[in-house]
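Enquirer: Sharing a structure with you now.
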Amino acid sequence: MTAEILSVGTEILLGDILNTNARFLSEELAKLGVNVYWQTVVGDNRGRLLAAYGLAFERGADLVIATGGLGPTEDDLTKETAAEYFGRKLVLHEESWERMLAHFRGRQMPPNNKKQAMLPEGAAVLANNNGTAPGCALERDGKMIVLLPGPPNEMEPMFLESVLPLLRPRTDHVLFSRTLKIVGVGESQAEILLKLLMDRQTNPTMALYAKTSEVWLRLTAAAPDEAAAKELIKPAAGEARRILGGSVYGEDGDTLAGAVVGLLRQRGLTIALAESCTGGALTSALVDVPGASEALLEGLVTYSNRAKAELLGVRAETLEKFGAVSEQTAREMAEGVRRASGASIGAATTGIAGPGGGTPEKPVGLVYITVSTDGKTEARECLFAGNRRKIRDRAVVTALDMVRKAAAGYSCST
């Protein structure tokens, strides 16, 4: 089965709301083994809506799922145009009307709300247990249109409760995906390392996705059921892990910060942080992980030279000779916070996040990250591209990866 997702609403085109419905539907349809080749956004306009339905079926869709435009106002036209496209008239659906009356019991119901209970003749009605607008499904000559409300808190449960049971008997396989999360290896380098493996895979298939200082490898298998799909993925995922080695920190819903906290707790290690250019973002990333309190002792934002000297013991001569943004200062920051806190690991960041403050010798994006353990301090000089937010985000990811390697007993300077 091939589907097209049609998101209806001028407010989406104007950027007033974020279209999360298309993402949700794509994920759920993929699990069913339904191919989604097109996603369309169209405004509240009868002519363009009719054209969108026609175009979707012309380019091969068996199923069109439209979200939005089921409300009571005149510009809510999704249902009316779907009925027109399939040559159906609208009739009052008594059960939906009774549900609507019950919803407004004790309150004045605007007369135009009755429009929501007018549904295409012969349609399968999808009850809305979280709002007033029912959904529906129309079918003709093997083609189906499913109409769902726009608000995600109404659309998502309606899909799961009513549309899934409708579609599941029509598919003969499911798609299941597993994502390996990679850090410290860029997308192009990961492709080179995995090329032979990726070239010989047909089921599961593999695809690389670049994230902020991370790469995700998605493996997707088609099989009669989820258990069989997982078995197909298992050997390919194992081979990918062997090739990528320690650069794979987790999979699916895992986060790098979560992997770091988990490793610190597993090894009985503690950590303290001294941040300058990252401004507490590194500490925040760890605090977001449940159980971080078992490993994280403290995080200091030592933005000024005075704070670096007084709180971390960075020497005045180091700051004067090398400057706040230097490997030497970063080393003393990490060593100072570890010494003062008594932590197993001390980590520090200092750099120039921009947009100003750079020089030819020390350009915007220059960041020094250091990790200090018992008897050893390792440093990495990084030059990150992007705006202030991206530079700081990349510094956080790199620092987390360095801490992860240090906690595992590996060198973290490369």
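Naming works like this for the structure tokens: A, B, ... for the chains as they're shown, residue 1 at the start of each chain, ligands 1 onward in shown order.
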Using DSSP on the backbone coordinates, identify the residues of region 46-161 of chain A assigned to strand (DSSP E or B); present them as number ranges by chain.

Expert: A: 63-67, 90-92, 118-120, 124-126, 135-140, 143-148

Enquirer: Give me the residues within 12 Å of Leu164 (chain A) as a list in words, counting only C-alpha atoms and dropping any in the same chain fewer than 4 places off.

Expert: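 Surrounding residues, per the criterion: Leu25, Glu28, Leu29, Ala30, Lys31, Leu32, Gly33, Val34, Leu126, Val146, Glu156, Pro157, Met158, Phe159, Leu160, Arg168, Pro169, Arg170 and Thr171 of chain A.
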
Enquirer: Between CA of Ala285 (chain A) and CA of Gly365 (chain A), what distance in Å does the model show, to one decimal?

Expert: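 Between CA of Ala285 (chain A) and CA of Gly365 (chain A) the gap works out to 20.4 Å.
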
Enquirer: Tell me, as a PyMOL selection string, which residues lie within 12 Å of Lys114 (chain A), counting only C-alpha atoms; anything in the same chain fewer than 5 positions away does not count.

Expert: chain A and resi 70-73+90-94+96-101+104+109+119+132-134

Enquirer: Do you know which residues are at most 7 Å from Glu154 (chain A) counting only C-alpha atoms, after dropping those on the same chain fewer than 3 positions away, and could you put them as a list in words?

Expert: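 Contacts, in chain order: Asn128, Asn130, Gly131, Pro149, Pro151, Pro157 and Met158 of chain A.
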
Enquirer: What is the CA of Phe86 (chain A)-CA of Leu6 (chain A) distance in Å, reported with one decimal?

Expert: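 CA of Leu6 (chain A) lies 16.3 Å from CA of Phe86 (chain A).
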
Enquirer: Would you list the contacts of region 253-269 of chain A as an MDAnalysis selection string, taking every protein, DNA or RNA residue within 6 Å and counting only C-alpha atoms, but skipping same-chain residues closer than 5 positions in sequence?

Expert: chainID A and resid 286 289 292 344 404

Enquirer: Write out the residues from the selection above, keeping N, CA, C and O atoms, as a PDB file, in the first residue's frame.

Expert:
ATOM      1  N   LEU A 286      23.809  16.724  31.272  1.00  0.00           N
ATOM      2  CA  LEU A 286      23.904  15.598  32.203  1.00  0.00           C
ATOM      3  C   LEU A 286      22.739  15.615  33.204  1.00  0.00           C
ATOM      4  O   LEU A 286      22.181  14.567  33.533  1.00  0.00           O
ATOM      5  N   VAL A 289      19.449  13.844  32.539  1.00  0.00           N
ATOM      6  CA  VAL A 289      19.399  12.383  32.603  1.00  0.00           C
ATOM      7  C   VAL A 289      19.006  11.948  34.020  1.00  0.00           C
ATOM      8  O   VAL A 289      19.673  12.316  34.991  1.00  0.00           O
ATOM      9  N   ALA A 292      21.462  11.255  37.295  1.00  0.00           N
ATOM     10  CA  ALA A 292      22.729  11.970  37.138  1.00  0.00           C
ATOM     11  C   ALA A 292      23.335  12.343  38.489  1.00  0.00           C
ATOM     12  O   ALA A 292      24.559  12.473  38.615  1.00  0.00           O
ATOM     13  N   SER A 344      36.201  11.991  40.349  1.00  0.00           N
ATOM     14  CA  SER A 344      37.086  11.095  39.600  1.00  0.00           C
ATOM     15  C   SER A 344      37.542  11.739  38.297  1.00  0.00           C
ATOM     16  O   SER A 344      38.660  11.512  37.835  1.00  0.00           O
ATOM     17  N   ARG A 404      32.991  10.267  27.915  1.00  0.00           N
ATOM     18  CA  ARG A 404      32.604   8.855  27.712  1.00  0.00           C
ATOM     19  C   ARG A 404      33.835   7.983  27.495  1.00  0.00           C
ATOM     20  O   ARG A 404      33.967   6.903  28.098  1.00  0.00           O
TER      21      ARG A 404
END

Enquirer: Residues at most 12 Å from Ala190 (chain A), counting only C-alpha atoms, excluding those fewer than 3 positions away in the same chain, as an mmCIF file with all heavy atoms, in the first residue's frame?

Expert:
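The new file around_32.cif reads:
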data_model
loop_
_atom_site.group_PDB
_atom_site.id
_atom_site.type_symbol
_atom_site.label_atom_id
_atom_site.label_comp_id
_atom_site.auth_asym_id
_atom_site.auth_seq_id
_atom_site.Cartn_x
_atom_site.Cartn_y
_atom_site.Cartn_z
ATOM 1 N N LEU A 180 21.402 3.055 15.058
ATOM 2 C CA LEU A 180 22.647 3.086 15.814
ATOM 3 C C LEU A 180 23.133 4.526 15.876
ATOM 4 O O LEU A 180 23.168 5.224 14.863
ATOM 5 C CB LEU A 180 23.707 2.200 15.157
ATOM 6 C CG LEU A 180 23.386 0.717 15.001
ATOM 7 C CD1 LEU A 180 24.600 -0.036 14.464
ATOM 8 C CD2 LEU A 180 22.940 0.112 16.329
ATOM 9 N N LYS A 181 23.523 4.980 17.052
ATOM 10 C CA LYS A 181 23.948 6.358 17.256
ATOM 11 C C LYS A 181 25.474 6.414 17.356
ATOM 12 O O LYS A 181 26.083 5.717 18.160
ATOM 13 C CB LYS A 181 23.289 6.918 18.502
ATOM 14 C CG LYS A 181 21.762 6.778 18.465
ATOM 15 C CD LYS A 181 21.111 8.081 18.693
ATOM 16 C CE LYS A 181 19.587 7.967 18.593
ATOM 17 N NZ LYS A 181 18.940 8.644 19.714
ATOM 18 N N ILE A 182 26.041 7.287 16.519
ATOM 19 C CA ILE A 182 27.483 7.332 16.321
ATOM 20 C C ILE A 182 27.996 8.719 16.660
ATOM 21 O O ILE A 182 27.399 9.730 16.282
ATOM 22 C CB ILE A 182 27.829 7.004 14.847
ATOM 23 C CG1 ILE A 182 27.204 5.665 14.431
ATOM 24 C CG2 ILE A 182 29.323 6.997 14.611
ATOM 25 C CD1 ILE A 182 27.039 5.522 12.929
ATOM 26 N N VAL A 183 29.134 8.794 17.337
ATOM 27 C CA VAL A 183 29.743 10.078 17.652
ATOM 28 C C VAL A 183 31.250 9.962 17.439
ATOM 29 O O VAL A 183 31.843 8.897 17.617
ATOM 30 C CB VAL A 183 29.421 10.509 19.098
ATOM 31 C CG1 VAL A 183 30.068 9.572 20.119
ATOM 32 C CG2 VAL A 183 29.821 11.946 19.359
ATOM 33 N N GLY A 184 31.857 11.068 17.001
ATOM 34 C CA GLY A 184 33.300 11.066 16.772
ATOM 35 C C GLY A 184 33.687 10.653 15.374
ATOM 36 O O GLY A 184 34.874 10.670 15.018
ATOM 37 N N VAL A 185 32.714 10.268 14.566
ATOM 38 C CA VAL A 185 32.949 9.897 13.165
ATOM 39 C C VAL A 185 31.954 10.680 12.319
ATOM 40 O O VAL A 185 30.753 10.639 12.580
ATOM 41 C CB VAL A 185 32.751 8.380 12.933
ATOM 42 C CG1 VAL A 185 32.864 8.034 11.453
ATOM 43 C CG2 VAL A 185 33.764 7.586 13.736
ATOM 44 N N GLY A 186 32.436 11.410 11.310
ATOM 45 C CA GLY A 186 31.558 12.198 10.463
ATOM 46 C C GLY A 186 30.763 11.338 9.498
ATOM 47 O O GLY A 186 31.054 10.155 9.297
ATOM 48 N N GLU A 187 29.755 11.945 8.868
ATOM 49 C CA GLU A 187 28.882 11.202 7.963
ATOM 50 C C GLU A 187 29.654 10.618 6.784
ATOM 51 O O GLU A 187 29.468 9.447 6.425
ATOM 52 C CB GLU A 187 27.771 12.115 7.449
ATOM 53 C CG GLU A 187 26.766 11.409 6.544
ATOM 54 C CD GLU A 187 25.715 12.341 5.995
ATOM 55 O OE1 GLU A 187 25.940 13.570 5.990
ATOM 56 O OE2 GLU A 187 24.654 11.847 5.557
ATOM 57 N N LEU A 193 33.491 3.783 5.804
ATOM 58 C CA LEU A 193 33.691 2.604 6.644
ATOM 59 C C LEU A 193 32.618 1.541 6.396
ATOM 60 O O LEU A 193 32.900 0.339 6.424
ATOM 61 C CB LEU A 193 33.683 3.012 8.119
ATOM 62 C CG LEU A 193 34.856 3.866 8.604
ATOM 63 C CD1 LEU A 193 34.591 4.371 10.022
ATOM 64 C CD2 LEU A 193 36.159 3.070 8.559
ATOM 65 N N LEU A 194 31.394 1.997 6.139
ATOM 66 C CA LEU A 194 30.262 1.069 6.034
ATOM 67 C C LEU A 194 29.881 0.730 4.597
ATOM 68 O O LEU A 194 28.932 -0.026 4.382
ATOM 69 C CB LEU A 194 29.035 1.666 6.736
ATOM 70 C CG LEU A 194 29.145 1.867 8.246
ATOM 71 C CD1 LEU A 194 28.004 2.729 8.746
ATOM 72 C CD2 LEU A 194 29.166 0.527 8.975
ATOM 73 N N LYS A 195 30.607 1.276 3.622
ATOM 74 C CA LYS A 195 30.161 1.179 2.232
ATOM 75 C C LYS A 195 29.949 -0.264 1.773
ATOM 76 O O LYS A 195 28.919 -0.599 1.181
ATOM 77 C CB LYS A 195 31.157 1.881 1.304
ATOM 78 C CG LYS A 195 30.725 1.859 -0.162
ATOM 79 C CD LYS A 195 31.558 2.757 -1.015
ATOM 80 C CE LYS A 195 31.182 2.649 -2.482
ATOM 81 N NZ LYS A 195 29.733 2.831 -2.723
ATOM 82 N N LEU A 196 30.897 -1.139 2.025
ATOM 83 C CA LEU A 196 30.758 -2.532 1.575
ATOM 84 C C LEU A 196 29.546 -3.192 2.221
ATOM 85 O O LEU A 196 28.785 -3.918 1.559
ATOM 86 C CB LEU A 196 32.024 -3.322 1.882
ATOM 87 C CG LEU A 196 33.262 -2.964 1.049
ATOM 88 C CD1 LEU A 196 34.457 -3.777 1.511
ATOM 89 C CD2 LEU A 196 33.004 -3.215 -0.445
ATOM 90 N N LEU A 197 29.365 -2.941 3.511
ATOM 91 C CA LEU A 197 28.217 -3.513 4.215
ATOM 92 C C LEU A 197 26.910 -2.954 3.664
ATOM 93 O O LEU A 197 25.954 -3.703 3.422
ATOM 94 C CB LEU A 197 28.331 -3.217 5.714
ATOM 95 C CG LEU A 197 27.199 -3.732 6.604
ATOM 96 C CD1 LEU A 197 27.102 -5.243 6.532
ATOM 97 C CD2 LEU A 197 27.406 -3.271 8.044
ATOM 98 N N MET A 198 26.865 -1.645 3.436
ATOM 99 C CA MET A 198 25.644 -1.019 2.944
ATOM 100 C C MET A 198 25.321 -1.468 1.523
ATOM 101 O O MET A 198 24.154 -1.671 1.168
ATOM 102 C CB MET A 198 25.770 0.506 3.007
ATOM 103 C CG MET A 198 25.862 1.042 4.429
ATOM 104 S SD MET A 198 26.167 2.841 4.508
ATOM 105 C CE MET A 198 24.568 3.465 3.994
ATOM 106 N N MET A 206 20.059 0.256 4.776
ATOM 107 C CA MET A 206 20.784 1.119 5.704
ATOM 108 C C MET A 206 20.831 2.537 5.157
ATOM 109 O O MET A 206 20.965 2.734 3.949
ATOM 110 C CB MET A 206 22.221 0.619 5.903
ATOM 111 C CG MET A 206 22.338 -0.719 6.587
ATOM 112 S SD MET A 206 24.082 -1.132 6.843
ATOM 113 C CE MET A 206 23.915 -2.654 7.767
ATOM 114 N N ALA A 207 20.744 3.512 6.041
ATOM 115 C CA ALA A 207 20.847 4.910 5.638
ATOM 116 C C ALA A 207 21.493 5.708 6.764
ATOM 117 O O ALA A 207 21.235 5.465 7.943
ATOM 118 C CB ALA A 207 19.469 5.486 5.321
ATOM 119 N N LEU A 208 22.351 6.646 6.390
ATOM 120 C CA LEU A 208 23.045 7.497 7.346
ATOM 121 C C LEU A 208 22.371 8.866 7.407
ATOM 122 O O LEU A 208 21.951 9.410 6.376
ATOM 123 C CB LEU A 208 24.510 7.681 6.948
ATOM 124 C CG LEU A 208 25.407 6.445 7.101
ATOM 125 C CD1 LEU A 208 26.703 6.625 6.337
ATOM 126 C CD2 LEU A 208 25.692 6.156 8.570
ATOM 127 N N TYR A 209 22.281 9.428 8.618
ATOM 128 C CA TYR A 209 21.687 10.741 8.816
ATOM 129 C C TYR A 209 22.621 11.573 9.684
ATOM 130 O O TYR A 209 23.034 11.128 10.754
ATOM 131 C CB TYR A 209 20.320 10.630 9.498
ATOM 132 C CG TYR A 209 19.330 9.807 8.720
ATOM 133 C CD1 TYR A 209 19.220 8.432 8.927
ATOM 134 C CD2 TYR A 209 18.511 10.393 7.760
ATOM 135 C CE1 TYR A 209 18.314 7.664 8.201
ATOM 136 C CE2 TYR A 209 17.604 9.635 7.037
ATOM 137 C CZ TYR A 209 17.513 8.279 7.260
ATOM 138 O OH TYR A 209 16.623 7.521 6.535
ATOM 139 N N ALA A 210 22.965 12.779 9.217
ATOM 140 C CA ALA A 210 23.839 13.663 9.978
ATOM 141 C C ALA A 210 23.029 14.451 10.999
ATOM 142 O O ALA A 210 21.997 15.038 10.675
ATOM 143 C CB ALA A 210 24.559 14.618 9.036
ATOM 144 N N GLU A 214 26.826 14.346 15.500
ATOM 145 C CA GLU A 214 26.557 12.916 15.572
ATOM 146 C C GLU A 214 26.145 12.423 14.192
ATOM 147 O O GLU A 214 25.796 13.212 13.309
ATOM 148 C CB GLU A 214 25.413 12.599 16.544
ATOM 149 C CG GLU A 214 25.702 12.895 17.990
ATOM 150 C CD GLU A 214 24.578 12.402 18.911
ATOM 151 O OE1 GLU A 214 23.803 11.515 18.477
ATOM 152 O OE2 GLU A 214 24.482 12.891 20.040
ATOM 153 N N VAL A 215 26.168 11.107 14.030
ATOM 154 C CA VAL A 215 25.647 10.454 12.825
ATOM 155 C C VAL A 215 24.771 9.304 13.286
ATOM 156 O O VAL A 215 25.135 8.580 14.224
ATOM 157 C CB VAL A 215 26.782 9.927 11.918
ATOM 158 C CG1 VAL A 215 26.211 9.176 10.722
ATOM 159 C CG2 VAL A 215 27.656 11.080 11.440
ATOM 160 N N TRP A 216 23.614 9.160 12.658
ATOM 161 C CA TRP A 216 22.723 8.047 12.976
ATOM 162 C C TRP A 216 22.664 7.105 11.795
ATOM 163 O O TRP A 216 22.516 7.531 10.644
ATOM 164 C CB TRP A 216 21.318 8.547 13.303
ATOM 165 C CG TRP A 216 21.241 9.345 14.579
ATOM 166 C CD1 TRP A 216 22.262 9.669 15.423
ATOM 167 C CD2 TRP A 216 20.060 9.924 15.147
ATOM 168 N NE1 TRP A 216 21.804 10.406 16.480
ATOM 169 C CE2 TRP A 216 20.458 10.582 16.342
ATOM 170 C CE3 TRP A 216 18.726 9.947 14.774
ATOM 171 C CZ2 TRP A 216 19.548 11.256 17.154
ATOM 172 C CZ3 TRP A 216 17.816 10.622 15.582
ATOM 173 C CH2 TRP A 216 18.232 11.263 16.765
ATOM 174 N N LEU A 217 22.780 5.824 12.080
ATOM 175 C CA LEU A 217 22.649 4.782 11.062
ATOM 176 C C LEU A 217 21.332 4.056 11.300
ATOM 177 O O LEU A 217 21.158 3.386 12.315
ATOM 178 C CB LEU A 217 23.810 3.789 11.138
ATOM 179 C CG LEU A 217 23.709 2.571 10.210
ATOM 180 C CD1 LEU A 217 23.785 2.992 8.747
ATOM 181 C CD2 LEU A 217 24.788 1.534 10.537
ATOM 182 N N ALA A 240 27.813 -3.732 11.745
ATOM 183 C CA ALA A 240 28.038 -2.288 11.762
ATOM 184 C C ALA A 240 28.733 -1.864 13.054
ATOM 185 O O ALA A 240 29.657 -1.035 13.033
ATOM 186 C CB ALA A 240 26.713 -1.548 11.595
ATOM 187 N N ARG A 241 28.309 -2.419 14.157
ATOM 188 C CA ARG A 241 28.955 -2.116 15.437
ATOM 189 C C ARG A 241 30.426 -2.547 15.426
ATOM 190 O O ARG A 241 31.297 -1.837 15.951
ATOM 191 C CB ARG A 241 28.223 -2.810 16.582
ATOM 192 C CG ARG A 241 26.945 -2.114 17.033
ATOM 193 C CD ARG A 241 26.317 -2.865 18.189
ATOM 194 N NE ARG A 241 25.183 -2.166 18.770
ATOM 195 C CZ ARG A 241 25.262 -1.223 19.704
ATOM 196 N NH1 ARG A 241 26.444 -0.853 20.168
ATOM 197 N NH2 ARG A 241 24.170 -0.638 20.175
ATOM 198 N N ILE A 243 32.424 -2.754 12.849
ATOM 199 C CA ILE A 243 33.184 -1.850 11.978
ATOM 200 C C ILE A 243 33.398 -0.492 12.652
ATOM 201 O O ILE A 243 34.495 0.079 12.589
ATOM 202 C CB ILE A 243 32.444 -1.670 10.636
ATOM 203 C CG1 ILE A 243 32.436 -2.991 9.855
ATOM 204 C CG2 ILE A 243 33.081 -0.557 9.804
ATOM 205 C CD1 ILE A 243 31.524 -2.979 8.638
ATOM 206 N N LEU A 244 32.375 0.024 13.305
ATOM 207 C CA LEU A 244 32.438 1.370 13.877
ATOM 208 C C LEU A 244 33.070 1.398 15.261
ATOM 209 O O LEU A 244 33.499 2.458 15.723
ATOM 210 C CB LEU A 244 31.028 1.964 13.949
ATOM 211 C CG LEU A 244 30.359 2.203 12.590
ATOM 212 C CD1 LEU A 244 28.876 2.480 12.788
ATOM 213 C CD2 LEU A 244 31.020 3.350 11.849
ATOM 214 N N GLY A 245 33.131 0.261 15.915
ATOM 215 C CA GLY A 245 33.788 0.166 17.211
ATOM 216 C C GLY A 245 33.183 1.064 18.268
ATOM 217 O O GLY A 245 31.965 1.218 18.370
ATOM 218 N N SER A 247 32.809 4.113 18.510
ATOM 219 C CA SER A 247 32.095 5.329 18.121
ATOM 220 C C SER A 247 30.582 5.158 18.230
ATOM 221 O O SER A 247 29.841 6.138 18.206
ATOM 222 C CB SER A 247 32.466 5.755 16.698
ATOM 223 O OG SER A 247 32.122 4.755 15.767
ATOM 224 N N VAL A 248 30.090 3.918 18.343
ATOM 225 C CA VAL A 248 28.660 3.687 18.570
ATOM 226 C C VAL A 248 28.405 3.778 20.075
ATOM 227 O O VAL A 248 28.901 2.974 20.851
ATOM 228 C CB VAL A 248 28.221 2.307 18.044
ATOM 229 C CG1 VAL A 248 26.741 2.072 18.354
ATOM 230 C CG2 VAL A 248 28.475 2.191 16.550
#

Enquirer: Which residues are close to Thr278 (chain A), i.e. within 10 Å by only C-alpha atoms, leaving aside same-chain residues fewer than 5 positions away? Reply as a CSV table (one decimal) with C-alpha atoms, in the first residue's frame.

Expert:
chain,number,residue,atom,x,y,z
A,283,THR,CA,26.1,20.4,33.0
A,301,VAL,CA,30.3,28.4,34.9
A,303,TYR,CA,33.1,32.8,32.5
A,348,ALA,CA,36.4,21.9,31.1
A,349,THR,CA,35.5,24.0,28.1
A,350,THR,CA,36.8,27.4,27.0
A,351,GLY,CA,36.4,29.0,23.6
A,352,ILE,CA,35.1,31.7,21.3
A,353,ALA,CA,31.5,31.1,20.4
A,367,VAL,CA,37.2,25.7,21.5
A,388,ARG,CA,26.9,30.8,18.4
A,389,ARG,CA,24.3,28.1,19.2
A,391,ILE,CA,29.3,26.1,18.2
A,392,ARG,CA,28.2,25.7,21.8
A,393,ASP,CA,26.1,22.6,20.9
A,394,ARG,CA,29.0,21.0,19.1
A,395,ALA,CA,31.3,21.7,22.0
A,396,VAL,CA,28.9,20.0,24.4

Enquirer: Rounded to one decimal in Å, what is the spacing between CA of Ile345 (chain A) and CA of Leu400 (chain A)?

Expert: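 Interatomic distance, CA of Ile345 (chain A) to CA of Leu400 (chain A): 12.0 Å.
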
Enquirer: With distances taken over only C-alpha atoms, which of A:Asn305, A:Ala295, A:Pro120, A:Arg218 is nearest to Glu320 (chain A)?

Expert: A:Asn305

Enquirer: Counting only C-alpha atoms, which residue out of A:Gly299, A:Gly386, A:Gly356, A:Pro363 sits closest to Ala334 (chain A)?

Expert: A:Gly299

Enquirer: Run DSSP on the backbone of this structure and report the residues of region 139-273 of chain A it assigns to alpha helix (DSSP H), as a ChimeraX atom specification.

Expert: /A:152-158,164-167,187-199,226-244,256-267

Enquirer: Can you write just those residues out, C-alpha atoms, as a JSON list (two decimals), in the first residue's frame?

Expert:
[["chain", "number", "residue", "atom", "x", "y", "z"],
["A", 152, "PRO", "CA", -2.51, 16.34, 17.57],
["A", 153, "ASN", "CA", -4.26, 15.47, 20.84],
["A", 154, "GLU", "CA", -7.31, 14.49, 18.76],
["A", 155, "MET", "CA", -5.62, 13.16, 15.64],
["A", 156, "GLU", "CA", -3.11, 10.79, 17.24],
["A", 157, "PRO", "CA", -5.53, 8.79, 19.42],
["A", 158, "MET", "CA", -8.06, 8.64, 16.56],
["A", 164, "LEU", "CA", -4.78, 1.29, 12.58],
["A", 165, "PRO", "CA", -7.42, -1.48, 12.84],
["A", 166, "LEU", "CA", -8.79, -0.34, 9.48],
["A", 167, "LEU", "CA", -5.42, -0.50, 7.69],
["A", 187, "GLU", "CA", 28.88, 11.20, 7.96],
["A", 188, "SER", "CA", 31.29, 10.90, 5.01],
["A", 189, "GLN", "CA", 33.80, 8.86, 7.02],
["A", 190, "ALA", "CA", 31.02, 6.60, 8.32],
["A", 191, "GLU", "CA", 29.87, 6.01, 4.74],
["A", 192, "ILE", "CA", 33.40, 5.00, 3.71],
["A", 193, "LEU", "CA", 33.69, 2.60, 6.64],
["A", 194, "LEU", "CA", 30.26, 1.07, 6.03],
["A", 195, "LYS", "CA", 30.16, 1.18, 2.23],
["A", 196, "LEU", "CA", 30.76, -2.53, 1.57],
["A", 197, "LEU", "CA", 28.22, -3.51, 4.21],
["A", 198, "MET", "CA", 25.64, -1.02, 2.94],
["A", 199, "ASP", "CA", 26.14, -2.01, -0.71],
["A", 226, "GLU", "CA", 8.11, -7.22, 14.02],
["A", 227, "ALA", "CA", 9.86, -10.20, 15.57],
["A", 228, "ALA", "CA", 11.00, -11.45, 12.16],
["A", 229, "ALA", "CA", 12.16, -7.94, 11.19],
["A", 230, "LYS", "CA", 14.25, -7.70, 14.35],
["A", 231, "GLU", "CA", 15.96, -10.99, 13.49],
["A", 232, "LEU", "CA", 16.80, -9.68, 10.03],
["A", 233, "ILE", "CA", 18.38, -6.55, 11.50],
["A", 234, "LYS", "CA", 20.39, -8.27, 14.22],
["A", 235, "PRO", "CA", 23.37, -9.54, 12.14],
["A", 236, "ALA", "CA", 23.65, -6.34, 10.10],
["A", 237, "ALA", "CA", 23.60, -4.20, 13.25],
["A", 238, "GLY", "CA", 26.24, -6.42, 14.82],
["A", 239, "GLU", "CA", 28.52, -6.07, 11.80],
["A", 240, "ALA", "CA", 28.04, -2.29, 11.76],
["A", 241, "ARG", "CA", 28.95, -2.12, 15.44],
["A", 242, "ARG", "CA", 32.09, -4.18, 14.77],
["A", 243, "ILE", "CA", 33.18, -1.85, 11.98],
["A", 244, "LEU", "CA", 32.44, 1.37, 13.88],
["A", 256, "LEU", "CA", 24.91, 10.65, 24.45],
["A", 257, "ALA", "CA", 24.43, 12.29, 27.85],
["A", 258, "GLY", "CA", 22.49, 9.23, 28.98],
["A", 259, "ALA", "CA", 25.29, 6.95, 27.82],
["A", 260, "VAL", "CA", 27.82, 9.05, 29.75],
["A", 261, "VAL", "CA", 25.79, 9.01, 32.97],
["A", 262, "GLY", "CA", 25.16, 5.29, 32.61],
["A", 263, "LEU", "CA", 28.86, 4.56, 32.17],
["A", 264, "LEU", "CA", 29.88, 6.76, 35.09],
["A", 265, "ARG", "CA", 27.37, 5.05, 37.36],
["A", 266, "GLN", "CA", 28.38, 1.60, 36.14],
["A", 267, "ARG", "CA", 32.07, 2.31, 36.85]]

Enquirer: Give the answer as one residue: which of A:Val325, A:Thr67, A:Ala56, A:Cys136 has the shortest atom-to-atom distance to Arg23 (chain A), using only C-alpha atoms?

Expert: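 With only C-alpha atoms as the atom set, the closest residue is A:Thr67.
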
Enquirer: Would you please work out which residue, of A:Leu366, A:Ala61, A:Leu300, A:Val174, is nearest to Gly280 (chain A) when using only C-alpha atoms?

Expert: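 Of A:Leu366, A:Ala61, A:Leu300, A:Val174, the one nearest Gly280 (chain A), counting only C-alpha atoms, is A:Leu300.
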
Enquirer: Taking only C-alpha atoms into account, name the residue in A:Gly246, A:Ser326, A:Leu296, A:Arg339 that is nearest to Cys382 (chain A).

Expert: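 Closest candidate: A:Ser326.
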
Enquirer: Would you give me, as a Markdown table, each residue of region 238-356 of chain A having an atom within 8 Å of an atom of region 376-379 of chain A, along with its shortest atom pair and that distance in Å to one decimal, using only C-alpha atoms and sorting by chain and residue number?

Expert:
| residue | atom | partner | partner_atom | distance |
| --- | --- | --- | --- | --- |
| A:Glu327 | CA | A:Ala379 | CA | 6.7 |
| A:Ala330 | CA | A:Ala379 | CA | 7.8 |
| A:Arg331 | CA | A:Thr377 | CA | 6.7 |
| A:Ala334 | CA | A:Thr377 | CA | 7.9 |
| A:Glu335 | CA | A:Thr377 | CA | 7.4 |

Enquirer: Counting only C-alpha atoms, which of A:Asp44, A:Glu332, A:Glu139, A:Glu298 gets nearest to Glu11 (chain A)?

Expert: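 Closest candidate: A:Asp44.
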